[in-house]
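K.L.:
One file is attached below, data-v3.pdb, containing PDB, C-alpha atoms and all ligand atoms.
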```pdb
ATOM      1  CA  MET C   1      -0.505  -0.618 -20.344  1.00  0.00           C
ATOM      2  CA  LYS C   2      -3.390  -2.723 -21.678  1.00  0.00           C
ATOM      3  CA  ASN C   3      -5.558  -5.259 -19.816  1.00  0.00           C
ATOM      4  CA  ILE C   4      -4.982  -3.620 -16.454  1.00  0.00           C
ATOM      5  CA  LYS C   5      -7.819  -3.706 -13.979  1.00  0.00           C
ATOM      6  CA  ILE C   6      -7.880  -1.948 -10.600  1.00  0.00           C
ATOM      7  CA  ARG C   7     -10.152  -3.552  -8.016  1.00  0.00           C
ATOM      8  CA  LYS C   8     -10.632  -4.170  -4.334  1.00  0.00           C
ATOM      9  CA  ALA C   9      -8.765  -7.246  -3.113  1.00  0.00           C
ATOM     10  CA  SER C  10     -10.667 -10.298  -1.935  1.00  0.00           C
ATOM     11  CA  LYS C  11      -9.804 -13.294   0.228  1.00  0.00           C
ATOM     12  CA  LYS C  12      -8.842 -15.416  -2.784  1.00  0.00           C
ATOM     13  CA  ASP C  13      -5.969 -12.966  -3.428  1.00  0.00           C
ATOM     14  CA  LEU C  14      -4.217 -13.848  -0.164  1.00  0.00           C
ATOM     15  CA  ASP C  15      -1.171 -15.696  -1.579  1.00  0.00           C
ATOM     16  CA  GLU C  16      -0.525 -13.115  -4.304  1.00  0.00           C
ATOM     17  CA  ILE C  17      -0.815 -10.307  -1.747  1.00  0.00           C
ATOM     18  CA  LEU C  18       1.707 -12.044   0.523  1.00  0.00           C
ATOM     19  CA  ASN C  19       4.108 -12.563  -2.409  1.00  0.00           C
ATOM     20  CA  LEU C  20       3.983  -8.885  -3.291  1.00  0.00           C
ATOM     21  CA  LEU C  21       4.605  -7.930   0.335  1.00  0.00           C
ATOM     22  CA  TYR C  22       7.783 -10.072   0.289  1.00  0.00           C
ATOM     23  CA  GLN C  23       8.924  -8.042  -2.747  1.00  0.00           C
ATOM     24  CA  LEU C  24       8.543  -5.018  -0.470  1.00  0.00           C
ATOM     25  CA  GLN C  25      10.943  -6.785   1.947  1.00  0.00           C
ATOM     26  CA  ARG C  26       8.156  -7.366   4.468  1.00  0.00           C
ATOM     27  CA  PRO C  27       8.993 -10.343   6.715  1.00  0.00           C
ATOM     28  CA  ARG C  28       8.019 -13.850   5.690  1.00  0.00           C
ATOM     29  CA  PRO C  29       6.171 -15.891   8.326  1.00  0.00           C
ATOM     30  CA  LYS C  30       8.617 -18.048  10.310  1.00  0.00           C
ATOM     31  CA  THR C  31       6.021 -20.302  11.895  1.00  0.00           C
ATOM     32  CA  SER C  32       2.560 -21.522  10.990  1.00  0.00           C
ATOM     33  CA  SER C  33       1.087 -19.387  13.776  1.00  0.00           C
ATOM     34  CA  GLU C  34       2.770 -16.335  12.234  1.00  0.00           C
ATOM     35  CA  HIS C  35       1.326 -17.317   8.859  1.00  0.00           C
ATOM     36  CA  THR C  36      -2.133 -17.512  10.447  1.00  0.00           C
ATOM     37  CA  ALA C  37      -1.602 -14.115  12.063  1.00  0.00           C
ATOM     38  CA  PHE C  38      -0.550 -12.479   8.740  1.00  0.00           C
ATOM     39  CA  ARG C  39      -3.529 -14.052   6.995  1.00  0.00           C
ATOM     40  CA  LYS C  40      -5.861 -12.778   9.724  1.00  0.00           C
ATOM     41  CA  ARG C  41      -4.414  -9.271   9.440  1.00  0.00           C
ATOM     42  CA  ILE C  42      -4.943  -9.227   5.664  1.00  0.00           C
ATOM     43  CA  PHE C  43      -8.535 -10.431   6.056  1.00  0.00           C
ATOM     44  CA  GLN C  44      -9.050  -7.675   8.642  1.00  0.00           C
ATOM     45  CA  TYR C  45      -7.986  -5.139   6.009  1.00  0.00           C
ATOM     46  CA  LEU C  46     -10.562  -6.617   3.634  1.00  0.00           C
ATOM     47  CA  ASP C  47     -13.384  -6.625   6.186  1.00  0.00           C
ATOM     48  CA  GLU C  48     -13.045  -3.374   8.134  1.00  0.00           C
ATOM     49  CA  ASN C  49     -14.506  -0.140   6.793  1.00  0.00           C
ATOM     50  CA  ASP C  50     -11.504   2.015   7.670  1.00  0.00           C
ATOM     51  CA  LYS C  51      -9.011  -0.253   5.863  1.00  0.00           C
ATOM     52  CA  LYS C  52      -8.655  -1.392   2.260  1.00  0.00           C
ATOM     53  CA  ILE C  53      -6.376  -3.256  -0.109  1.00  0.00           C
ATOM     54  CA  ILE C  54      -6.592  -2.241  -3.757  1.00  0.00           C
ATOM     55  CA  VAL C  55      -4.914  -4.437  -6.360  1.00  0.00           C
ATOM     56  CA  SER C  56      -3.903  -4.020  -9.951  1.00  0.00           C
ATOM     57  CA  GLU C  57      -4.552  -7.077 -12.098  1.00  0.00           C
ATOM     58  CA  CYS C  58      -3.223  -8.002 -15.531  1.00  0.00           C
ATOM     59  CA  ASN C  59      -4.486 -11.153 -17.275  1.00  0.00           C
ATOM     60  CA  SER C  60      -5.906 -12.450 -13.974  1.00  0.00           C
ATOM     61  CA  LYS C  61      -2.550 -12.003 -12.189  1.00  0.00           C
ATOM     62  CA  ILE C  62      -2.052  -9.435  -9.425  1.00  0.00           C
ATOM     63  CA  ILE C  63       0.839  -7.149 -10.358  1.00  0.00           C
ATOM     64  CA  GLY C  64       0.541  -4.427  -7.719  1.00  0.00           C
ATOM     65  CA  LEU C  65      -1.158  -3.457  -4.511  1.00  0.00           C
ATOM     66  CA  VAL C  66      -1.750  -0.516  -2.240  1.00  0.00           C
ATOM     67  CA  SER C  67      -3.042  -0.771   1.314  1.00  0.00           C
ATOM     68  CA  ILE C  68      -5.016   2.041   2.875  1.00  0.00           C
ATOM     69  CA  MET C  69      -6.047   3.138   6.366  1.00  0.00           C
ATOM     70  CA  LEU C  70      -8.453   5.975   7.041  1.00  0.00           C
ATOM     71  CA  LEU C  71      -7.162   7.670  10.181  1.00  0.00           C
ATOM     72  CA  PRO C  72      -8.998  10.118  12.435  1.00  0.00           C
ATOM     73  CA  ARG C  73      -6.697  12.931  13.646  1.00  0.00           C
ATOM     74  CA  LEU C  74      -7.352  14.770  16.900  1.00  0.00           C
ATOM     75  CA  ASN C  75      -7.382  18.256  15.491  1.00  0.00           C
ATOM     76  CA  ARG C  76      -9.189  17.546  12.225  1.00  0.00           C
ATOM     77  CA  THR C  77     -12.811  16.990  11.369  1.00  0.00           C
ATOM     78  CA  LYS C  78     -11.764  15.105   8.234  1.00  0.00           C
ATOM     79  CA  LEU C  79      -9.912  11.801   7.903  1.00  0.00           C
ATOM     80  CA  GLU C  80      -6.363  11.250   6.703  1.00  0.00           C
ATOM     81  CA  LEU C  81      -5.785   8.545   4.110  1.00  0.00           C
ATOM     82  CA  TYR C  82      -2.602   6.722   5.176  1.00  0.00           C
ATOM     83  CA  ILE C  83      -0.793   4.293   2.850  1.00  0.00           C
ATOM     84  CA  PRO C  84       1.156   1.621   4.769  1.00  0.00           C
ATOM     85  CA  GLU C  85       2.126  -0.403   1.661  1.00  0.00           C
ATOM     86  CA  LEU C  86       2.540   0.233  -2.048  1.00  0.00           C
ATOM     87  CA  VAL C  87       4.326  -2.236  -4.295  1.00  0.00           C
ATOM     88  CA  VAL C  88       4.367  -3.198  -7.958  1.00  0.00           C
ATOM     89  CA  SER C  89       5.774  -6.596  -8.990  1.00  0.00           C
ATOM     90  CA  GLU C  90       9.397  -6.431 -10.128  1.00  0.00           C
ATOM     91  CA  ASP C  91       8.592  -7.313 -13.759  1.00  0.00           C
ATOM     92  CA  HIS C  92       5.849  -4.664 -14.095  1.00  0.00           C
ATOM     93  CA  ARG C  93       7.565  -1.559 -12.737  1.00  0.00           C
ATOM     94  CA  GLY C  94       7.849   1.610 -14.798  1.00  0.00           C
ATOM     95  CA  LEU C  95       4.645   0.885 -16.732  1.00  0.00           C
ATOM     96  CA  GLY C  96       2.263   3.224 -14.919  1.00  0.00           C
ATOM     97  CA  VAL C  97       0.878   0.653 -12.464  1.00  0.00           C
ATOM     98  CA  GLY C  98       2.040   2.476  -9.298  1.00  0.00           C
ATOM     99  CA  LYS C  99       0.652   5.751 -10.602  1.00  0.00           C
ATOM    100  CA  SER C 100      -2.751   4.168 -11.288  1.00  0.00           C
ATOM    101  CA  LEU C 101      -2.851   2.636  -7.785  1.00  0.00           C
ATOM    102  CA  ILE C 102      -2.149   6.060  -6.275  1.00  0.00           C
ATOM    103  CA  LYS C 103      -4.837   7.525  -8.519  1.00  0.00           C
ATOM    104  CA  SER C 104      -7.332   5.091  -7.003  1.00  0.00           C
ATOM    105  CA  CYS C 105      -6.217   6.285  -3.527  1.00  0.00           C
ATOM    106  CA  VAL C 106      -6.840   9.879  -4.615  1.00  0.00           C
ATOM    107  CA  ASN C 107     -10.335   8.905  -5.772  1.00  0.00           C
ATOM    108  CA  ILE C 108     -11.064   7.189  -2.440  1.00  0.00           C
ATOM    109  CA  ALA C 109      -9.641  10.180  -0.528  1.00  0.00           C
ATOM    110  CA  LYS C 110     -11.919  12.521  -2.463  1.00  0.00           C
ATOM    111  CA  LYS C 111     -14.952  10.264  -1.988  1.00  0.00           C
ATOM    112  CA  LYS C 112     -14.300  10.011   1.773  1.00  0.00           C
ATOM    113  CA  LYS C 113     -13.576  13.750   1.927  1.00  0.00           C
ATOM    114  CA  CYS C 114     -10.100  13.186   3.413  1.00  0.00           C
ATOM    115  CA  PHE C 115      -7.938  16.221   4.022  1.00  0.00           C
ATOM    116  CA  ARG C 116      -4.744  14.562   2.731  1.00  0.00           C
ATOM    117  CA  ILE C 117      -2.904  11.408   1.767  1.00  0.00           C
ATOM    118  CA  ARG C 118       0.215  10.520   3.753  1.00  0.00           C
ATOM    119  CA  LEU C 119       2.814   7.780   3.564  1.00  0.00           C
ATOM    120  CA  GLU C 120       6.309   6.979   4.775  1.00  0.00           C
ATOM    121  CA  SER C 121       9.126   5.720   2.606  1.00  0.00           C
ATOM    122  CA  GLY C 122      12.387   4.275   3.964  1.00  0.00           C
ATOM    123  CA  ASN C 123      15.566   6.320   3.471  1.00  0.00           C
ATOM    124  CA  GLN C 124      16.998   3.599   1.226  1.00  0.00           C
ATOM    125  CA  ARG C 125      14.082   3.670  -1.244  1.00  0.00           C
ATOM    126  CA  LYS C 126      15.585   6.330  -3.495  1.00  0.00           C
ATOM    127  CA  ASP C 127      13.636   5.202  -6.575  1.00  0.00           C
ATOM    128  CA  ALA C 128      10.348   5.355  -4.705  1.00  0.00           C
ATOM    129  CA  HIS C 129      11.199   8.914  -3.558  1.00  0.00           C
ATOM    130  CA  GLN C 130      11.659   9.965  -7.195  1.00  0.00           C
ATOM    131  CA  PHE C 131       8.364   8.272  -8.081  1.00  0.00           C
ATOM    132  CA  TYR C 132       6.427  10.096  -5.320  1.00  0.00           C
ATOM    133  CA  LYS C 133       7.949  13.419  -6.332  1.00  0.00           C
ATOM    134  CA  LYS C 134       7.097  12.787  -9.980  1.00  0.00           C
ATOM    135  CA  ILE C 135       3.441  12.060  -9.261  1.00  0.00           C
ATOM    136  CA  GLY C 136       2.875  15.114  -7.069  1.00  0.00           C
ATOM    137  CA  PHE C 137       3.765  14.250  -3.461  1.00  0.00           C
ATOM    138  CA  GLU C 138       5.805  16.679  -1.365  1.00  0.00           C
ATOM    139  CA  GLN C 139       8.402  15.557   1.138  1.00  0.00           C
ATOM    140  CA  SER C 140       6.900  17.164   4.229  1.00  0.00           C
ATOM    141  CA  ALA C 141       8.360  15.415   7.295  1.00  0.00           C
ATOM    142  CA  LEU C 142      11.072  13.208   8.725  1.00  0.00           C
ATOM    143  CA  SER C 143      10.017   9.855  10.111  1.00  0.00           C
ATOM    144  CA  TYR C 144      11.332   8.571  13.482  1.00  0.00           C
ATOM    145  CA  THR C 145      10.976   5.018  14.743  1.00  0.00           C
ATOM    146  CA  MET C 146      11.928   3.187  17.927  1.00  0.00           C
ATOM    147  CA  THR C 147      12.090  -0.590  17.730  1.00  0.00           C
ATOM    148  CA  ILE C 148      10.448  -2.198  20.771  1.00  0.00           C
ATOM    149  CA  GLU C 149      10.574  -5.876  19.884  1.00  0.00           C
ATOM    150  CA  GLN C 150      11.992  -7.838  16.920  1.00  0.00           C
TER     151      GLN C 150
HETATM  152  C1  LIG J 201       7.803   2.713  -6.347  1.00  0.00           C
HETATM  153  C2  LIG J 201       6.823   1.932  -7.220  1.00  0.00           C
HETATM  154  C3  LIG J 201       5.556   1.627  -6.414  1.00  0.00           C
HETATM  155  C4  LIG J 201       6.456   2.795  -8.454  1.00  0.00           C
HETATM  156  O1  LIG J 201       5.528   2.101  -9.259  1.00  0.00           O
HETATM  157  P1  LIG J 201       5.764   1.973 -10.838  1.00  0.00           P
HETATM  158  O2  LIG J 201       4.609   1.270 -11.413  1.00  0.00           O
HETATM  159  O3  LIG J 201       7.107   1.356 -11.046  1.00  0.00           O
HETATM  160  O4  LIG J 201       5.801   3.498 -11.297  1.00  0.00           O
HETATM  161  P2  LIG J 201       5.011   4.158 -12.543  1.00  0.00           P
HETATM  162  O5  LIG J 201       5.383   3.401 -13.761  1.00  0.00           O
HETATM  163  O6  LIG J 201       3.577   4.241 -12.210  1.00  0.00           O
HETATM  164  O7  LIG J 201       5.661   5.602 -12.592  1.00  0.00           O
HETATM  165  C5  LIG J 201       4.889   6.804 -12.526  1.00  0.00           C
HETATM  166  C6  LIG J 201       5.755   7.962 -12.909  1.00  0.00           C
HETATM  167  O8  LIG J 201       6.869   8.042 -12.002  1.00  0.00           O
HETATM  168  C7  LIG J 201       8.086   7.988 -12.764  1.00  0.00           C
HETATM  169  N1  LIG J 201       9.073   7.197 -12.011  1.00  0.00           N
HETATM  170  C8  LIG J 201       8.908   5.946 -11.514  1.00  0.00           C
HETATM  171  N2  LIG J 201      10.057   5.550 -10.908  1.00  0.00           N
HETATM  172  C9  LIG J 201      10.932   6.573 -11.068  1.00  0.00           C
HETATM  173  C10 LIG J 201      12.296   6.783 -10.701  1.00  0.00           C
HETATM  174  N3  LIG J 201      12.989   5.849 -10.029  1.00  0.00           N
HETATM  175  N4  LIG J 201      12.893   7.954 -11.018  1.00  0.00           N
HETATM  176  C11 LIG J 201      12.220   8.911 -11.684  1.00  0.00           C
HETATM  177  N5  LIG J 201      10.924   8.771 -12.089  1.00  0.00           N
HETATM  178  C12 LIG J 201      10.302   7.624 -11.776  1.00  0.00           C
HETATM  179  C13 LIG J 201       7.744   7.294 -14.045  1.00  0.00           C
HETATM  180  O9  LIG J 201       8.637   7.648 -15.077  1.00  0.00           O
HETATM  181  C14 LIG J 201       6.349   7.819 -14.313  1.00  0.00           C
HETATM  182  O10 LIG J 201       6.416   9.106 -14.894  1.00  0.00           O
HETATM  183  P3  LIG J 201       5.333   9.583 -16.005  1.00  0.00           P
HETATM  184  O11 LIG J 201       3.997   9.633 -15.281  1.00  0.00           O
HETATM  185  O12 LIG J 201       5.824  10.911 -16.448  1.00  0.00           O
HETATM  186  O13 LIG J 201       5.336   8.534 -17.059  1.00  0.00           O
HETATM  187  C15 LIG J 201       7.431   0.594  -7.736  1.00  0.00           C
HETATM  188  O14 LIG J 201       8.552   0.871  -8.524  1.00  0.00           O
HETATM  189  C16 LIG J 201       7.819  -0.380  -6.629  1.00  0.00           C
HETATM  190  O15 LIG J 201       7.012  -1.216  -6.251  1.00  0.00           O
HETATM  191  N6  LIG J 201       9.066  -0.272  -6.123  1.00  0.00           N
HETATM  192  C17 LIG J 201       9.537  -1.203  -5.080  1.00  0.00           C
HETATM  193  C18 LIG J 201       8.751  -1.125  -3.799  1.00  0.00           C
HETATM  194  C19 LIG J 201       8.716   0.285  -3.228  1.00  0.00           C
HETATM  195  O16 LIG J 201       9.737   0.953  -3.106  1.00  0.00           O
HETATM  196  N7  LIG J 201       7.509   0.708  -2.835  1.00  0.00           N
HETATM  197  C20 LIG J 201       7.302   1.998  -2.211  1.00  0.00           C
HETATM  198  C21 LIG J 201       7.408   1.837  -0.734  1.00  0.00           C
HETATM  199  S1  LIG J 201       7.369   3.400   0.104  1.00  0.00           S
END
```
Do you think you could lay out the structure here as structure tokens?
P.N.:
Amino acid sequence: MKNIKIRKASKKDLDEILNLLYQLQRPRPKTSSEHTAFRKRIFQYLDENDKKIIVSECNSKIIGLVSIMLLPRLNRTKLELYIPELVVSEDHRGLGVGKSLIKSCVNIAKKKKCFRIRLESGNQRKDAHQFYKKIGFEQSALSYTMTIEQ
């Protein structure tokens, strides 16, 4: 796809980042204090060295994003690159955008000398599972969660 740019997100991208997260079925803020909290969390990702948001831009519009955390593990000298969120806008899927965002994660992982990239994908996301398999991920674990508070 032409005119695609991959870059680090900045504060001016806030609204487009939030819109993409809603397409990932992430909750919308219910109150203004929740909106402030979400905004603060995104800015934290932009400011802290162990977190990043990378976006894909086409004609000055953000069409995809991946968020990244660099996690220290107890029994490893190297970091793990963890991906909490990956989403491509509904009208730009299947065009190579997701693959290029993952490629930028691979480049960061190599630069930071990470030992692996890891992510979780909900059971219902069958298309995403096919995508991960296609681009070289292995299904290596089951994920367990316990809800504490809604
Ligand atoms: C999953 C997602 C990120 C993939 O991004 P994308 O831009 O649509 O995927 P790409 O176009 O980069 O596809 C890369 C490769 O995977 C293949 N692929 C993508 N979806 C596929 C599917 N459902 N089944 C089989 N192959 C698939 C593509 O054909 C392509 O193969 P190629 O390299 O041989 O051409 C995107 O579809 C999305 O945002 N989905 C909704 C949100 C989501 O589920 N996010 C993941 C949360 S864990």
K.L.:
Specify as a ChimeraX atom specification each residue included when the PyMOL selection byres (((not hetatm)) within 9 of (chain J and resi 201)) is applied to this file.
P.N.:
/C:20-21,23-25,64-66,83-90,92-102,119-122,124-135
K.L.:
Show which residues sit within 12 Å of C:Asp47, as a list in words. Count only C-alpha atoms, and ignore same-chain residues fewer than 5 positions away.
P.N.:
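Once the adjacent positions are removed, what remains is Lys8, Ala9, Ser10, Lys11, Lys40, Arg41, Ile42, Lys52 and Ile53 of chain C.
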K.L.:
How would you write as a PyMOL selection string the residues that get within 8 Å of (-3.8, -7.6, -20.6) in the file's frame, counting all atoms listed in the file?
P.N.:
chain C and resi 1-4+58-59
K.L.:
Of the residues C:Leu14, C:Leu142, C:Leu46, C:Ile54, which is the one nearest to C:Asn107, using only C-alpha atoms?
P.N.:
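Of C:Leu14, C:Leu142, C:Leu46, C:Ile54, the one nearest C:Asn107, counting only C-alpha atoms, is C:Ile54.
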K.L.:
Using only C-alpha atoms, which residue out of C:Val55, C:Ile62, C:Ile108, C:Ile17 lies closest to C:Leu81?
P.N.:
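Checking each of C:Val55, C:Ile62, C:Ile108, C:Ile17 against C:Leu81, counting only C-alpha atoms, the winner is C:Ile108.
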K.L.:
Out of C:Glu138, C:Glu57, C:Glu16, C:Glu80, which residue has the shortest atom-to-atom distance to C:Arg39 when counting only C-alpha atoms?
P.N.:
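Checking each of C:Glu138, C:Glu57, C:Glu16, C:Glu80 against C:Arg39, counting only C-alpha atoms, the winner is C:Glu16.
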K.L.:
Since the input lacks atoms, please generate N, CA and C atoms for stretch 124-136 of chain C and provide them as a PDB file, in the coordinates of the input.
P.N.:
```
ATOM      1  N   GLN C 124      16.279   4.321   2.286  1.00  0.00           N
ATOM      2  CA  GLN C 124      16.998   3.599   1.226  1.00  0.00           C
ATOM      3  C   GLN C 124      16.211   3.521  -0.082  1.00  0.00           C
ATOM      4  N   ARG C 125      14.935   3.853  -0.062  1.00  0.00           N
ATOM      5  CA  ARG C 125      14.082   3.670  -1.244  1.00  0.00           C
ATOM      6  C   ARG C 125      14.154   4.893  -2.173  1.00  0.00           C
ATOM      7  N   LYS C 126      15.342   5.114  -2.702  1.00  0.00           N
ATOM      8  CA  LYS C 126      15.585   6.330  -3.495  1.00  0.00           C
ATOM      9  C   LYS C 126      14.689   6.377  -4.735  1.00  0.00           C
ATOM     10  N   ASP C 127      14.485   5.224  -5.371  1.00  0.00           N
ATOM     11  CA  ASP C 127      13.636   5.202  -6.575  1.00  0.00           C
ATOM     12  C   ASP C 127      12.197   5.584  -6.238  1.00  0.00           C
ATOM     13  N   ALA C 128      11.723   5.049  -5.113  1.00  0.00           N
ATOM     14  CA  ALA C 128      10.348   5.355  -4.705  1.00  0.00           C
ATOM     15  C   ALA C 128      10.212   6.866  -4.430  1.00  0.00           C
ATOM     16  N   HIS C 129      11.272   7.474  -3.851  1.00  0.00           N
ATOM     17  CA  HIS C 129      11.199   8.914  -3.558  1.00  0.00           C
ATOM     18  C   HIS C 129      11.032   9.711  -4.857  1.00  0.00           C
ATOM     19  N   GLN C 130      11.774   9.288  -5.893  1.00  0.00           N
ATOM     20  CA  GLN C 130      11.659   9.965  -7.195  1.00  0.00           C
ATOM     21  C   GLN C 130      10.253   9.798  -7.761  1.00  0.00           C
ATOM     22  N   PHE C 131       9.724   8.581  -7.611  1.00  0.00           N
ATOM     23  CA  PHE C 131       8.364   8.272  -8.081  1.00  0.00           C
ATOM     24  C   PHE C 131       7.345   9.190  -7.391  1.00  0.00           C
ATOM     25  N   TYR C 132       7.420   9.278  -6.051  1.00  0.00           N
ATOM     26  CA  TYR C 132       6.427  10.096  -5.320  1.00  0.00           C
ATOM     27  C   TYR C 132       6.511  11.560  -5.746  1.00  0.00           C
ATOM     28  N   LYS C 133       7.750  12.026  -5.918  1.00  0.00           N
ATOM     29  CA  LYS C 133       7.949  13.419  -6.332  1.00  0.00           C
ATOM     30  C   LYS C 133       7.328  13.651  -7.716  1.00  0.00           C
ATOM     31  N   LYS C 134       7.580  12.676  -8.598  1.00  0.00           N
ATOM     32  CA  LYS C 134       7.097  12.787  -9.980  1.00  0.00           C
ATOM     33  C   LYS C 134       5.574  12.850 -10.053  1.00  0.00           C
ATOM     34  N   ILE C 135       4.909  12.104  -9.146  1.00  0.00           N
ATOM     35  CA  ILE C 135       3.441  12.060  -9.261  1.00  0.00           C
ATOM     36  C   ILE C 135       2.744  13.076  -8.349  1.00  0.00           C
ATOM     37  N   GLY C 136       3.522  13.979  -7.736  1.00  0.00           N
ATOM     38  CA  GLY C 136       2.875  15.114  -7.069  1.00  0.00           C
ATOM     39  C   GLY C 136       2.904  15.139  -5.550  1.00  0.00           C
TER      40      GLY C 136
END
```
